[in-house]
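A.B. asks: Handing over work22.pdb, PDB, C-alpha atoms, pLDDT in the B column.
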```pdb
MODEL        1
ATOM      1  CA  MET Q   1      91.740 119.072 144.469  1.00 46.00           C
ATOM      2  CA  ILE Q   2      88.429 117.196 144.431  1.00 43.00           C
ATOM      3  CA  SER Q   3      88.839 113.462 143.969  1.00 47.00           C
ATOM      4  CA  THR Q   4      86.484 110.535 143.881  1.00 47.00           C
ATOM      5  CA  PRO Q   5      87.246 106.868 144.455  1.00 47.00           C
ATOM      6  CA  ASP Q   6      87.555 104.496 141.546  1.00 51.00           C
ATOM      7  CA  ALA Q   7      84.272 103.057 140.369  1.00 44.00           C
ATOM      8  CA  ALA Q   8      83.245 100.578 137.743  1.00 41.00           C
ATOM      9  CA  SER Q   9      83.153 102.050 134.258  1.00 43.00           C
ATOM     10  CA  PRO Q  10      79.721 102.296 132.633  1.00 43.00           C
ATOM     11  CA  VAL Q  11      81.261 101.378 129.271  1.00 43.00           C
ATOM     12  CA  ARG Q  12      80.203  97.888 128.182  1.00 46.00           C
ATOM     13  CA  ASP Q  13      82.478  95.403 126.412  1.00 44.00           C
ATOM     14  CA  GLY Q  14      80.689  95.921 123.129  1.00 43.00           C
ATOM     15  CA  ASP Q  15      81.349  99.654 123.296  1.00 45.00           C
ATOM     16  CA  LEU Q  16      85.123  99.151 122.977  1.00 44.00           C
ATOM     17  CA  PRO Q  17      85.589  97.340 119.648  1.00 46.00           C
ATOM     18  CA  THR Q  18      89.260  98.130 119.215  1.00 56.00           C
ATOM     19  CA  ARG Q  19      92.456  97.963 121.218  1.00 85.00           C
ATOM     20  CA  THR Q  20      94.525 100.182 118.904  1.00 89.00           C
ATOM     21  CA  PHE Q  21      94.024 103.940 118.814  1.00 92.00           C
ATOM     22  CA  GLY Q  22      95.440 106.629 116.545  1.00 90.00           C
ATOM     23  CA  PRO Q  23      94.892 110.376 116.188  1.00 91.00           C
ATOM     24  CA  PRO Q  24      91.281 111.333 115.352  1.00 89.00           C
ATOM     25  CA  ALA Q  25      90.479 113.118 112.079  1.00 90.00           C
ATOM     26  CA  ALA Q  26      90.261 116.464 113.891  1.00 89.00           C
ATOM     27  CA  VAL Q  27      93.801 116.005 115.219  1.00 90.00           C
ATOM     28  CA  VAL Q  28      95.108 115.091 111.757  1.00 93.00           C
ATOM     29  CA  ILE Q  29      93.531 118.169 110.183  1.00 94.00           C
ATOM     30  CA  GLY Q  30      94.561 120.400 113.077  1.00 93.00           C
ATOM     31  CA  THR Q  31      98.159 119.164 112.930  1.00 94.00           C
ATOM     32  CA  LEU Q  32      98.381 119.889 109.196  1.00 94.00           C
ATOM     33  CA  VAL Q  33      96.898 123.361 109.683  1.00 95.00           C
ATOM     34  CA  VAL Q  34      99.288 124.156 112.542  1.00 93.00           C
ATOM     35  CA  GLY Q  35     102.233 122.919 110.470  1.00 94.00           C
ATOM     36  CA  ILE Q  36     101.266 125.195 107.571  1.00 94.00           C
ATOM     37  CA  VAL Q  37     100.830 128.169 109.923  1.00 94.00           C
ATOM     38  CA  PHE Q  38     104.245 127.627 111.537  1.00 93.00           C
ATOM     39  CA  LEU Q  39     106.056 127.035 108.226  1.00 92.00           C
ATOM     40  CA  VAL Q  40     104.306 129.473 105.885  1.00 91.00           C
ATOM     41  CA  VAL Q  41     102.153 132.069 107.623  1.00 91.00           C
ATOM     42  CA  LEU Q  42     104.545 132.986 110.428  1.00 91.00           C
ATOM     43  CA  GLU Q  43     107.538 132.780 108.095  1.00 91.00           C
ATOM     44  CA  PHE Q  44     105.913 134.774 105.280  1.00 92.00           C
ATOM     45  CA  LEU Q  45     108.492 137.568 105.392  1.00 90.00           C
ATOM     46  CA  VAL Q  46     111.336 135.053 105.108  1.00 91.00           C
ATOM     47  CA  ILE Q  47     109.707 133.301 102.155  1.00 91.00           C
ATOM     48  CA  ILE Q  48     108.831 136.423 100.155  1.00 91.00           C
ATOM     49  CA  SER Q  49     112.276 137.905 100.802  1.00 91.00           C
ATOM     50  CA  PHE Q  50     114.042 134.759  99.631  1.00 92.00           C
ATOM     51  CA  VAL Q  51     111.835 134.116  96.603  1.00 91.00           C
ATOM     52  CA  GLY Q  52     111.187 137.734  95.629  1.00 89.00           C
ATOM     53  CA  GLN Q  53     114.886 138.597  95.485  1.00 90.00           C
ATOM     54  CA  ARG Q  54     115.915 135.214  94.058  1.00 91.00           C
ATOM     55  CA  LEU Q  55     118.514 134.943  96.774  1.00 92.00           C
ATOM     56  CA  TRP Q  56     119.547 131.447  95.674  1.00 91.00           C
ATOM     57  CA  ARG Q  57     121.541 133.278  92.978  1.00 92.00           C
ATOM     58  CA  ASP Q  58     123.351 135.497  95.481  1.00 91.00           C
ATOM     59  CA  PRO Q  59     127.013 134.444  95.821  1.00 92.00           C
ATOM     60  CA  ALA Q  60     126.937 135.228  99.548  1.00 92.00           C
ATOM     61  CA  LEU Q  61     124.375 132.509 100.198  1.00 92.00           C
ATOM     62  CA  MET Q  62     125.983 129.466 101.856  1.00 92.00           C
ATOM     63  CA  HIS Q  63     129.306 131.347 101.994  1.00 92.00           C
ATOM     64  CA  ASP Q  64     128.512 134.202 104.382  1.00 93.00           C
ATOM     65  CA  LEU Q  65     127.147 132.972 107.712  1.00 94.00           C
ATOM     66  CA  VAL Q  66     125.221 136.128 108.589  1.00 94.00           C
ATOM     67  CA  PHE Q  67     123.650 136.336 105.121  1.00 95.00           C
ATOM     68  CA  THR Q  68     122.704 132.646 105.232  1.00 95.00           C
ATOM     69  CA  LEU Q  69     121.436 132.697 108.831  1.00 95.00           C
ATOM     70  CA  PRO Q  70     117.745 133.539 108.077  1.00 95.00           C
ATOM     71  CA  LEU Q  71     117.554 130.611 105.651  1.00 94.00           C
ATOM     72  CA  LEU Q  72     119.387 128.295 108.032  1.00 95.00           C
ATOM     73  CA  ILE Q  73     116.982 129.116 110.866  1.00 95.00           C
ATOM     74  CA  TRP Q  74     113.998 128.522 108.578  1.00 94.00           C
ATOM     75  CA  VAL Q  75     115.352 125.113 107.534  1.00 94.00           C
ATOM     76  CA  LEU Q  76     115.909 124.139 111.168  1.00 95.00           C
ATOM     77  CA  MET Q  77     112.400 125.291 112.098  1.00 94.00           C
ATOM     78  CA  ALA Q  78     110.919 123.472 109.097  1.00 93.00           C
ATOM     79  CA  SER Q  79     112.696 120.283 110.160  1.00 95.00           C
ATOM     80  CA  ALA Q  80     111.488 120.603 113.755  1.00 94.00           C
ATOM     81  CA  VAL Q  81     107.880 121.272 112.719  1.00 94.00           C
ATOM     82  CA  THR Q  82     107.965 118.353 110.270  1.00 95.00           C
ATOM     83  CA  VAL Q  83     109.284 115.989 112.940  1.00 95.00           C
ATOM     84  CA  VAL Q  84     106.620 117.091 115.464  1.00 93.00           C
ATOM     85  CA  CYS Q  85     103.823 116.762 112.899  1.00 95.00           C
ATOM     86  CA  LEU Q  86     104.967 113.298 111.829  1.00 95.00           C
ATOM     87  CA  ARG Q  87     105.218 112.186 115.460  1.00 93.00           C
ATOM     88  CA  VAL Q  88     101.584 113.163 115.973  1.00 93.00           C
ATOM     89  CA  LEU Q  89     100.223 111.876 112.655  1.00 94.00           C
ATOM     90  CA  THR Q  90     101.935 108.482 112.814  1.00 94.00           C
ATOM     91  CA  SER Q  91     101.351 107.766 116.512  1.00 94.00           C
ATOM     92  CA  TRP Q  92      99.314 104.769 117.557  1.00 93.00           C
ATOM     93  CA  LEU Q  93      98.580 103.308 120.957  1.00 94.00           C
ATOM     94  CA  HIS Q  94      97.834  99.628 121.542  1.00 94.00           C
ATOM     95  CA  ILE Q  95      96.218  98.677 124.866  1.00 94.00           C
ATOM     96  CA  ASP Q  96      95.350  95.163 125.991  1.00 91.00           C
ATOM     97  CA  GLY Q  97      95.203  93.032 129.124  1.00 90.00           C
ATOM     98  CA  ASP Q  98      98.985  92.651 129.269  1.00 91.00           C
ATOM     99  CA  GLY Q  99      99.959  96.296 128.923  1.00 93.00           C
ATOM    100  CA  PHE Q 100     100.366  98.908 126.227  1.00 93.00           C
ATOM    101  CA  VAL Q 101     102.646  99.933 123.363  1.00 94.00           C
ATOM    102  CA  LEU Q 102     103.058 103.483 122.033  1.00 94.00           C
ATOM    103  CA  ARG Q 103     104.746 103.903 118.651  1.00 93.00           C
ATOM    104  CA  SER Q 104     105.311 106.664 116.106  1.00 93.00           C
ATOM    105  CA  LEU Q 105     107.992 108.020 113.815  1.00 93.00           C
ATOM    106  CA  PHE Q 106     110.815 109.924 115.537  1.00 90.00           C
ATOM    107  CA  ARG Q 107     109.778 108.482 118.890  1.00 88.00           C
ATOM    108  CA  ARG Q 108     111.302 105.715 120.952  1.00 89.00           C
ATOM    109  CA  THR Q 109     108.789 102.895 121.259  1.00 92.00           C
ATOM    110  CA  ARG Q 110     107.302 102.882 124.750  1.00 90.00           C
ATOM    111  CA  THR Q 111     106.186  99.534 126.146  1.00 91.00           C
ATOM    112  CA  ALA Q 112     105.014  98.611 129.635  1.00 91.00           C
ATOM    113  CA  ARG Q 113     103.130  95.833 131.377  1.00 93.00           C
ATOM    114  CA  TRP Q 114     100.364  96.504 133.873  1.00 94.00           C
ATOM    115  CA  GLN Q 115     102.330  94.865 136.670  1.00 92.00           C
ATOM    116  CA  ASP Q 116     104.939  97.617 136.229  1.00 91.00           C
ATOM    117  CA  VAL Q 117     102.305 100.330 136.776  1.00 94.00           C
ATOM    118  CA  GLY Q 118     101.941 101.723 140.281  1.00 92.00           C
ATOM    119  CA  LEU Q 119      99.158 104.268 139.805  1.00 93.00           C
ATOM    120  CA  VAL Q 120      96.829 105.666 137.155  1.00 95.00           C
ATOM    121  CA  ILE Q 121      95.613 109.248 137.595  1.00 93.00           C
ATOM    122  CA  ALA Q 122      92.431 110.220 135.739  1.00 93.00           C
ATOM    123  CA  ALA Q 123      91.935 113.993 135.914  1.00 91.00           C
ATOM    124  CA  ARG Q 124      88.597 115.219 134.602  1.00 88.00           C
ATOM    125  CA  ASP Q 125      89.395 118.946 134.546  1.00 87.00           C
ATOM    126  CA  ILE Q 126      92.883 120.505 134.734  1.00 83.00           C
ATOM    127  CA  ASP Q 127      93.019 124.291 134.936  1.00 81.00           C
ATOM    128  CA  ARG Q 128      96.225 125.254 133.113  1.00 71.00           C
ATOM    129  CA  GLY Q 129      95.819 128.979 133.721  1.00 67.00           C
ATOM    130  CA  SER Q 130      96.303 129.829 130.043  1.00 59.00           C
ATOM    131  CA  PRO Q 131      93.634 130.936 127.540  1.00 56.00           C
ATOM    132  CA  ALA Q 132      95.602 129.263 124.746  1.00 52.00           C
ATOM    133  CA  ALA Q 133      95.746 125.971 126.625  1.00 51.00           C
ATOM    134  CA  GLU Q 134      92.131 126.151 127.814  1.00 51.00           C
ATOM    135  CA  ALA Q 135      91.012 126.603 124.196  1.00 50.00           C
ATOM    136  CA  LEU Q 136      92.034 122.975 123.675  1.00 50.00           C
ATOM    137  CA  ASP Q 137      89.950 121.647 126.554  1.00 51.00           C
ATOM    138  CA  ALA Q 138      88.830 118.064 126.244  1.00 52.00           C
ATOM    139  CA  PRO Q 139      85.158 117.270 125.583  1.00 53.00           C
ATOM    140  CA  GLU Q 140      82.938 117.023 128.654  1.00 56.00           C
ATOM    141  CA  THR Q 141      82.711 113.253 128.202  1.00 55.00           C
ATOM    142  CA  ALA Q 142      86.505 112.819 128.335  1.00 77.00           C
ATOM    143  CA  TYR Q 143      89.206 113.194 130.946  1.00 88.00           C
ATOM    144  CA  ASP Q 144      91.548 116.133 130.560  1.00 87.00           C
ATOM    145  CA  GLY Q 145      94.397 113.711 131.182  1.00 87.00           C
ATOM    146  CA  VAL Q 146      94.959 110.070 132.094  1.00 93.00           C
ATOM    147  CA  TYR Q 147      98.482 109.562 133.449  1.00 94.00           C
ATOM    148  CA  VAL Q 148     100.006 106.120 133.876  1.00 95.00           C
ATOM    149  CA  MET Q 149     102.731 106.167 136.539  1.00 93.00           C
ATOM    150  CA  ASP Q 150     105.230 103.558 137.670  1.00 91.00           C
ATOM    151  CA  SER Q 151     105.834 102.590 141.303  1.00 87.00           C
ATOM    152  CA  SER Q 152     108.466 105.340 141.716  1.00 87.00           C
ATOM    153  CA  GLY Q 153     106.115 108.105 140.555  1.00 86.00           C
ATOM    154  CA  ARG Q 154     107.620 108.469 137.082  1.00 90.00           C
ATOM    155  CA  ARG Q 155     105.216 108.951 134.208  1.00 91.00           C
ATOM    156  CA  ILE Q 156     105.120 106.053 131.762  1.00 92.00           C
ATOM    157  CA  LEU Q 157     102.316 107.227 129.516  1.00 91.00           C
ATOM    158  CA  ALA Q 158      99.878 110.112 129.135  1.00 91.00           C
ATOM    159  CA  VAL Q 159      96.635 109.162 127.373  1.00 92.00           C
ATOM    160  CA  SER Q 160      95.133 112.361 126.006  1.00 86.00           C
ATOM    161  CA  SER Q 161      91.602 112.482 124.656  1.00 83.00           C
ATOM    162  CA  ARG Q 162      92.786 115.150 122.226  1.00 83.00           C
ATOM    163  CA  PHE Q 163      95.333 112.867 120.554  1.00 86.00           C
ATOM    164  CA  PHE Q 164      93.768 109.418 121.007  1.00 89.00           C
ATOM    165  CA  GLY Q 165      90.116 110.086 121.822  1.00 86.00           C
ATOM    166  CA  PRO Q 166      88.015 109.288 124.915  1.00 89.00           C
ATOM    167  CA  ARG Q 167      87.719 105.591 123.981  1.00 90.00           C
ATOM    168  CA  ALA Q 168      91.480 105.177 124.432  1.00 92.00           C
ATOM    169  CA  GLN Q 169      91.171 106.642 127.925  1.00 92.00           C
ATOM    170  CA  GLU Q 170      88.264 104.343 128.765  1.00 92.00           C
ATOM    171  CA  MET Q 171      90.219 101.329 127.503  1.00 93.00           C
ATOM    172  CA  ALA Q 172      93.300 102.305 129.535  1.00 94.00           C
ATOM    173  CA  LEU Q 173      91.216 102.693 132.703  1.00 94.00           C
ATOM    174  CA  ARG Q 174      89.335  99.475 132.050  1.00 93.00           C
ATOM    175  CA  ARG Q 175      92.499  97.425 131.509  1.00 94.00           C
ATOM    176  CA  ALA Q 176      94.202  99.004 134.521  1.00 94.00           C
ATOM    177  CA  ARG Q 177      91.184  98.190 136.673  1.00 94.00           C
ATOM    178  CA  GLU Q 178      91.159  94.589 135.452  1.00 93.00           C
ATOM    179  CA  ALA Q 179      94.873  94.301 136.281  1.00 93.00           C
ATOM    180  CA  GLY Q 180      94.275  95.537 139.830  1.00 94.00           C
ATOM    181  CA  VAL Q 181      96.118  98.839 139.360  1.00 94.00           C
ATOM    182  CA  ARG Q 182      95.126 101.622 141.757  1.00 94.00           C
ATOM    183  CA  ILE Q 183      93.229 104.404 139.959  1.00 94.00           C
ATOM    184  CA  GLU Q 184      92.790 107.877 141.423  1.00 93.00           C
ATOM    185  CA  HIS Q 185      89.997 109.966 139.912  1.00 92.00           C
ATOM    186  CA  ILE Q 186      90.305 113.747 140.171  1.00 90.00           C
ATOM    187  CA  ASP Q 187      87.292 115.914 139.339  1.00 89.00           C
ATOM    188  CA  ALA Q 188      89.056 119.300 139.248  1.00 89.00           C
ATOM    189  CA  ILE Q 189      92.606 120.485 139.900  1.00 88.00           C
ATOM    190  CA  THR Q 190      95.010 123.172 138.729  1.00 86.00           C
ATOM    191  CA  HIS Q 191      98.183 122.263 136.870  1.00 81.00           C
ATOM    192  CA  LEU Q 192     100.200 123.746 139.763  1.00 82.00           C
ATOM    193  CA  GLU Q 193      98.490 121.536 142.341  1.00 87.00           C
ATOM    194  CA  LEU Q 194      98.893 118.460 140.167  1.00 86.00           C
ATOM    195  CA  GLY Q 195     102.554 119.319 139.675  1.00 82.00           C
ATOM    196  CA  ARG Q 196     103.090 119.566 143.437  1.00 84.00           C
ATOM    197  CA  GLN Q 197     101.272 116.334 144.242  1.00 84.00           C
ATOM    198  CA  VAL Q 198     102.592 114.268 141.319  1.00 84.00           C
ATOM    199  CA  PRO Q 199     105.668 116.157 140.024  1.00 82.00           C
ATOM    200  CA  GLN Q 200     106.345 113.928 137.018  1.00 83.00           C
ATOM    201  CA  ALA Q 201     102.777 113.501 135.776  1.00 84.00           C
ATOM    202  CA  MET Q 202     102.857 116.542 133.496  1.00 83.00           C
ATOM    203  CA  SER Q 203     105.513 117.478 130.956  1.00 81.00           C
ATOM    204  CA  PHE Q 204     107.359 120.819 130.965  1.00 80.00           C
ATOM    205  CA  VAL Q 205     105.018 122.136 128.266  1.00 78.00           C
ATOM    206  CA  ASP Q 206     101.960 121.103 130.305  1.00 77.00           C
ATOM    207  CA  ARG Q 207     103.325 122.890 133.374  1.00 76.00           C
ATOM    208  CA  HIS Q 208     104.425 126.068 131.567  1.00 78.00           C
ATOM    209  CA  PRO Q 209     102.113 126.688 128.561  1.00 78.00           C
ATOM    210  CA  ASN Q 210     102.456 130.463 128.825  1.00 82.00           C
ATOM    211  CA  LEU Q 211     106.248 130.246 128.799  1.00 86.00           C
ATOM    212  CA  LEU Q 212     106.146 128.166 125.615  1.00 86.00           C
ATOM    213  CA  LEU Q 213     103.768 130.631 123.975  1.00 88.00           C
ATOM    214  CA  VAL Q 214     105.997 133.596 124.857  1.00 92.00           C
ATOM    215  CA  ALA Q 215     109.091 131.749 123.596  1.00 93.00           C
ATOM    216  CA  LEU Q 216     107.414 131.024 120.243  1.00 92.00           C
ATOM    217  CA  ILE Q 217     106.276 134.628 119.834  1.00 93.00           C
ATOM    218  CA  LEU Q 218     109.755 135.964 120.620  1.00 95.00           C
ATOM    219  CA  PHE Q 219     111.347 133.459 118.240  1.00 95.00           C
ATOM    220  CA  TYR Q 220     109.185 134.444 115.278  1.00 94.00           C
ATOM    221  CA  ILE Q 221     109.523 138.163 115.980  1.00 94.00           C
ATOM    222  CA  GLY Q 222     113.304 137.777 116.226  1.00 95.00           C
ATOM    223  CA  HIS Q 223     113.560 135.669 113.075  1.00 94.00           C
ATOM    224  CA  ASN Q 224     111.488 138.089 111.016  1.00 93.00           C
ATOM    225  CA  LEU Q 225     113.474 141.064 112.307  1.00 94.00           C
ATOM    226  CA  LEU Q 226     116.730 139.296 111.452  1.00 94.00           C
ATOM    227  CA  THR Q 227     115.404 138.538 107.968  1.00 93.00           C
ATOM    228  CA  PHE Q 228     114.385 142.159 107.404  1.00 92.00           C
ATOM    229  CA  ILE Q 229     117.749 143.446 108.618  1.00 93.00           C
ATOM    230  CA  VAL Q 230     119.882 141.000 106.597  1.00 94.00           C
ATOM    231  CA  TRP Q 231     117.803 140.544 103.435  1.00 92.00           C
ATOM    232  CA  GLY Q 232     115.313 143.393 103.456  1.00 83.00           C
ATOM    233  CA  LEU Q 233     112.193 143.069 101.273  1.00 69.00           C
TER     234      LEU Q 233
ENDMDL
END
```
Would you put the structure from the file into structure tokens?
C.D. replies:
Amino acid sequence: MISTPDAASPVRDGDLPTRTFGPPAAVVIGTLVVGIVFLVVLEFLVIISFVGQRLWRDPALMHDLVFTLPLLIWVLMASAVTVVCLRVLTSWLHIDGDGFVLRSLFRRTRTARWQDVGLVIAARDIDRGSPAAEALDAPETAYDGVYVMDSSGRRILAVSSRFFGPRAQEMALRRAREAGVRIEHIDAITHLELGRQVPQAMSFVDRHPNLLLVALILFYIGHNLLTFIVWGL
């Protein structure tokens, strides 16, 4: 790990016109595209099998569990993808001198005051060891992750430049600095090293991106195989 001490931010007051941050346009478009891919492209066999054979007319549907299982799994996946997309699209983060508030649909509102914050970690570059994760690297002008921790080392908030933009990170660091919160800047670190030093800074998905990718691939392969076996084409 290479770290540097906290220093005054070069961002001037006039450069931070807002205290409320939502997902950038790129995130909105990307979320919609990912939702369509997960619901339509990867489930194409399920959709064409159901529609092509007009299975809603089949008397076994909703009466035979095995026959209904491909549709049931698709509905559950569609619900999960919809919830995740709405959480991202409706999220907004308000940061001021008192603290911050994070809200969105299907998410418990998260509120904290700066006096409850024990440490803020600003990591410029986090090597996640996954090509899929590295493809989403933050811009060079942003931090890969800004993690707001309480005095016990539990993560209160993660301010991502991908979901809120670099200005949200600058505002969080500025307000934390004004409140006298200790800020640790990290130039470069791997996700394993960060996990060892601050175990609760990163979520399970952040720590195991490859495992999540493998699980998704196996799920879609299994679902399409089940659909082919039960419904055919």
A.B. asks: I'd like the residues picked by the PyMOL selection byres ((chain Q and resi 157) around 9) written out as JSON, numbers by chain, using the chain letters and numbers from the file.
C.D. replies: {"Q": [102, 110, 146, 147, 148, 149, 155, 156, 158, 159, 201]}
A.B. asks: Emit as JSON the padded axis-aligned box for all listed atoms of range 77-86 of chain Q, 5 Å per side, with centre and edge lengths in Å to one decimal.
C.D. replies:
```
{"center_x": 108.3, "center_y": 119.3, "center_z": 112.3, "size_x": 18.9, "size_y": 22.0, "size_z": 16.4}
```
A.B. asks: Could you pull the residues within 8 Å of range 166-181 of chain Q, counting only C-alpha atoms, minus those fewer than 6 positions along the same chain, as a PDB file with C-alpha atoms, keeping the file's coordinate frame?
C.D. replies:
```pdb
ATOM      1  CA  SER Q   9      83.153 102.050 134.258  1.00 43.00           C
ATOM      2  CA  VAL Q  11      81.261 101.378 129.271  1.00 43.00           C
ATOM      3  CA  LEU Q  16      85.123  99.151 122.977  1.00 44.00           C
ATOM      4  CA  ARG Q  19      92.456  97.963 121.218  1.00 85.00           C
ATOM      5  CA  PHE Q  21      94.024 103.940 118.814  1.00 92.00           C
ATOM      6  CA  ILE Q  95      96.218  98.677 124.866  1.00 94.00           C
ATOM      7  CA  ASP Q  96      95.350  95.163 125.991  1.00 91.00           C
ATOM      8  CA  GLY Q  97      95.203  93.032 129.124  1.00 90.00           C
ATOM      9  CA  GLY Q  99      99.959  96.296 128.923  1.00 93.00           C
ATOM     10  CA  TRP Q 114     100.364  96.504 133.873  1.00 94.00           C
ATOM     11  CA  GLN Q 115     102.330  94.865 136.670  1.00 92.00           C
ATOM     12  CA  VAL Q 117     102.305 100.330 136.776  1.00 94.00           C
ATOM     13  CA  GLY Q 118     101.941 101.723 140.281  1.00 92.00           C
ATOM     14  CA  LEU Q 119      99.158 104.268 139.805  1.00 93.00           C
ATOM     15  CA  VAL Q 120      96.829 105.666 137.155  1.00 95.00           C
ATOM     16  CA  THR Q 141      82.711 113.253 128.202  1.00 55.00           C
ATOM     17  CA  ALA Q 142      86.505 112.819 128.335  1.00 77.00           C
ATOM     18  CA  TYR Q 143      89.206 113.194 130.946  1.00 88.00           C
ATOM     19  CA  VAL Q 146      94.959 110.070 132.094  1.00 93.00           C
ATOM     20  CA  VAL Q 159      96.635 109.162 127.373  1.00 92.00           C
ATOM     21  CA  SER Q 160      95.133 112.361 126.006  1.00 86.00           C
TER      22      SER Q 160
END
```
A.B. asks: Pick the closest to Val198 in chain Q from Q:Ala25, Q:Val66, Q:Ala123, Q:Val40: which is it, counting only C-alpha atoms?
C.D. replies: Q:Ala123
A.B. asks: For Gly22 in chain Q, list every protein, DNA or RNA residue within 12 Å, evaluated using all atoms listed in the file, and leave out those in the same chain fewer than 4 positions away; present the list as an MDAnalysis selection string.
C.D. replies: chainID Q and resid 18 26:28 87:95 101:104 159:168
A.B. asks: Name the residues captured by the PyMOL selection byres ((chain Q and resi 213-220) around 10) when it is applied to the shown file; answer as a PDB file with C-alpha atoms, in the coordinates of the input.
C.D. replies:
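Saved result, selection03.pdb, follows:
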```pdb
ATOM      1  CA  PHE Q  38     104.245 127.627 111.537  1.00 93.00           C
ATOM      2  CA  LEU Q  42     104.545 132.986 110.428  1.00 91.00           C
ATOM      3  CA  GLU Q  43     107.538 132.780 108.095  1.00 91.00           C
ATOM      4  CA  SER Q 130      96.303 129.829 130.043  1.00 59.00           C
ATOM      5  CA  ALA Q 132      95.602 129.263 124.746  1.00 52.00           C
ATOM      6  CA  ALA Q 133      95.746 125.971 126.625  1.00 51.00           C
ATOM      7  CA  VAL Q 205     105.018 122.136 128.266  1.00 78.00           C
ATOM      8  CA  HIS Q 208     104.425 126.068 131.567  1.00 78.00           C
ATOM      9  CA  PRO Q 209     102.113 126.688 128.561  1.00 78.00           C
ATOM     10  CA  ASN Q 210     102.456 130.463 128.825  1.00 82.00           C
ATOM     11  CA  LEU Q 211     106.248 130.246 128.799  1.00 86.00           C
ATOM     12  CA  LEU Q 212     106.146 128.166 125.615  1.00 86.00           C
ATOM     13  CA  ILE Q 221     109.523 138.163 115.980  1.00 94.00           C
ATOM     14  CA  GLY Q 222     113.304 137.777 116.226  1.00 95.00           C
ATOM     15  CA  HIS Q 223     113.560 135.669 113.075  1.00 94.00           C
ATOM     16  CA  ASN Q 224     111.488 138.089 111.016  1.00 93.00           C
ATOM     17  CA  LEU Q 225     113.474 141.064 112.307  1.00 94.00           C
ATOM     18  CA  LEU Q 226     116.730 139.296 111.452  1.00 94.00           C
TER      19      LEU Q 226
END
```
A.B. asks: Enter the distance from CA of Pro24 in chain Q to CA of His191 in chain Q, in Å, rounded to one decimal.
C.D. replies: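 So the answer is 25.1 Å.
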